[in-house]
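Chemist: Below is one structure. I have some questions about it.
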Amino acid sequence: MQYRTLGRTGVQVSSLALGAMNFGRIGRTTQDEATAVVDAALEGGINLVDTADMYGGGESEEMVGKAIAGRRDDIVLATKAGLPMGDDPNHRGSSRRWLVTELDNSLRRLGVDHVDLYQIHRWDPETSDEETLSALTDLQRAGKIRYFGSSTFPAHRVVQAQWAAREHRLGRYVTEQPSYSILQRGVEAHVLPVTEEYGLGVLVWSPLASGWLSGAVRAGREITTSRSVAMPQRFDLSVPSNRARLDAVERLAVVADEAGLTLIQLALGFVTAHPAVTSALVGPRTTDHLNAQLAAADTVLSADVLDAIDAIVAPGTDLAAHEKFDTPPALLDPALRRR
């Protein structure tokens with residue numbers, strides 16, 4: 001396992017990190033299975049565990065807390081807040097009112113007195129940067145969080161938050177967590193250059209592109225992954241973007257085979273090769289899934305292999321741009337772009 005400095009914090013984290021979204025009802029994972037995955041991850045050299053309040057309505061945090069009991073100090077523990085936690089309109093977002101309340105809820109579920117990294121799950125257009133950063137700075141000073149970061153922020157919001165922190169003399173985001181894979185490379189054109197400019201640590205999610213790069217999705221095979229059952233529209237081959245992804249996967253499989261790698265090794269080796277990336281988050285449901293991903297821990301792709309990937313999916317290109325989560329709201333809501 002490789003270890004890298006998380007932004008400018010001085011904290012060393014593994015190049016592969018354990019994402020716990022599949023713990024509980026989302027991945028149909030029991031506590032014993034989740035604990036086994038955590039055990040195997042730590043044994044394999046992973047030292048960063050990432051979850052969120054809304055994964056399973058808090059169930060993931062509870063399962064992570066039980067799995068890490070007795071070894072908290074060996075783990076860089078990260079969670080997130082901001083997405084809805086119920087129907088109440090104030091049980092979401094990044095206001096001081098909600099973040100102060102929900103962090104206490106997360107700490108209770110996790111069974112700890114602090115988290116190492118607290119992340120705003122999505123940019124909240126209803127709340128000012130000053131409001132959010134002021135609350136996070138106070139929580140940091142209270143010792144409940146060590147650092148704070150953003151997740152899936154558009155590049156211009158990453159920049160704006162950095163300037164707001166400087167202008168108001170507040171703590172700043174030290175990490176960003178974007179979606180990044182061979183099939184979704186748009187962040188290379190805007191987000192990753194910004195994170196490099198500001199020295200942010202980068203924890204990328206969905207490096208296996210929702211299972212497209214797991215090796216389970218191939219031409220001529222029935223697609224039966226758990227993600228395809230939950231989100232069938234993302235795997236419907238009558239959709240042009242999905243056909244483009246399948247074509248890319250078939251060509252990438254040839255590149256991987258010629259390099260003596262699995263498709264998973266190729267996919268994880270690709271994202272961790274980018275100089276802006278600190279860690280790739282993997283979200284296994286089973287220890288078998290995790291072991292296949294840990295096999296990529298020391299994968300280093302040659303320049304020839306990286307060039308071959310570029311020839312299949314051009315740098316800065318998203319093969320399914322409509323699935324991005326950092327699209328400016330005005331592009332989605334006509335009312336926001338018309339007088």
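Here's how to read the names in the structure tokens: chain A, B, ... by the order shown, residue numbers from 1 in each chain, ligand numbers from 1 in the order shown.
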Determine which residues of stretch 22-270 of chain A DSSP labels as alpha helix (DSSP H) from the backbone of this structure, then write them out as a PyMOL selection string.

Modeler: chain A and resi 31-43+59-68+96-110+129-141+155-167+191-198+226-230+240-258+263-270

Chemist: Can you pull out every residue within 10 Å of A:Ala142, counting only C-alpha atoms, but drop anything in the same chain fewer than 5 positions away, and send it as a PDB file with C-alpha atoms, in the first residue's frame?

Modeler:
```pdb
ATOM      1  CA  HIS A 114     -14.507  13.418  17.092  1.00  0.00           C
ATOM      2  CA  LEU A 136     -17.201  24.283  10.704  1.00  0.00           C
ATOM      3  CA  THR A 137     -14.440  26.459  12.178  1.00  0.00           C
TER       4      THR A 137
END
```

Chemist: Find, counting only C-alpha atoms, the residue in A:Thr287, A:Thr175, A:Ser95, A:Thr127 that gets nearest to A:Ser150.

Modeler: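 Looking at the shortest contact to A:Ser150, the residue is A:Thr175.
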
Chemist: Please report, as a list in words, each residue of stretch 56-179 of chain A to which DSSP assigns strand (DSSP E) when run on this structure's backbone.

Modeler: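 For stretch 56-179 of chain A, the strand (DSSP E) set is Val76, Leu77, Ala78, Thr79, Lys80, Ala81, Val115, Asp116, Leu117, Tyr118, Gln119, Ile120, Ile145, Arg146, Tyr147, Phe148, Gly149, Ser150, Ser151, Thr175, Glu176 and Gln177 of chain A.
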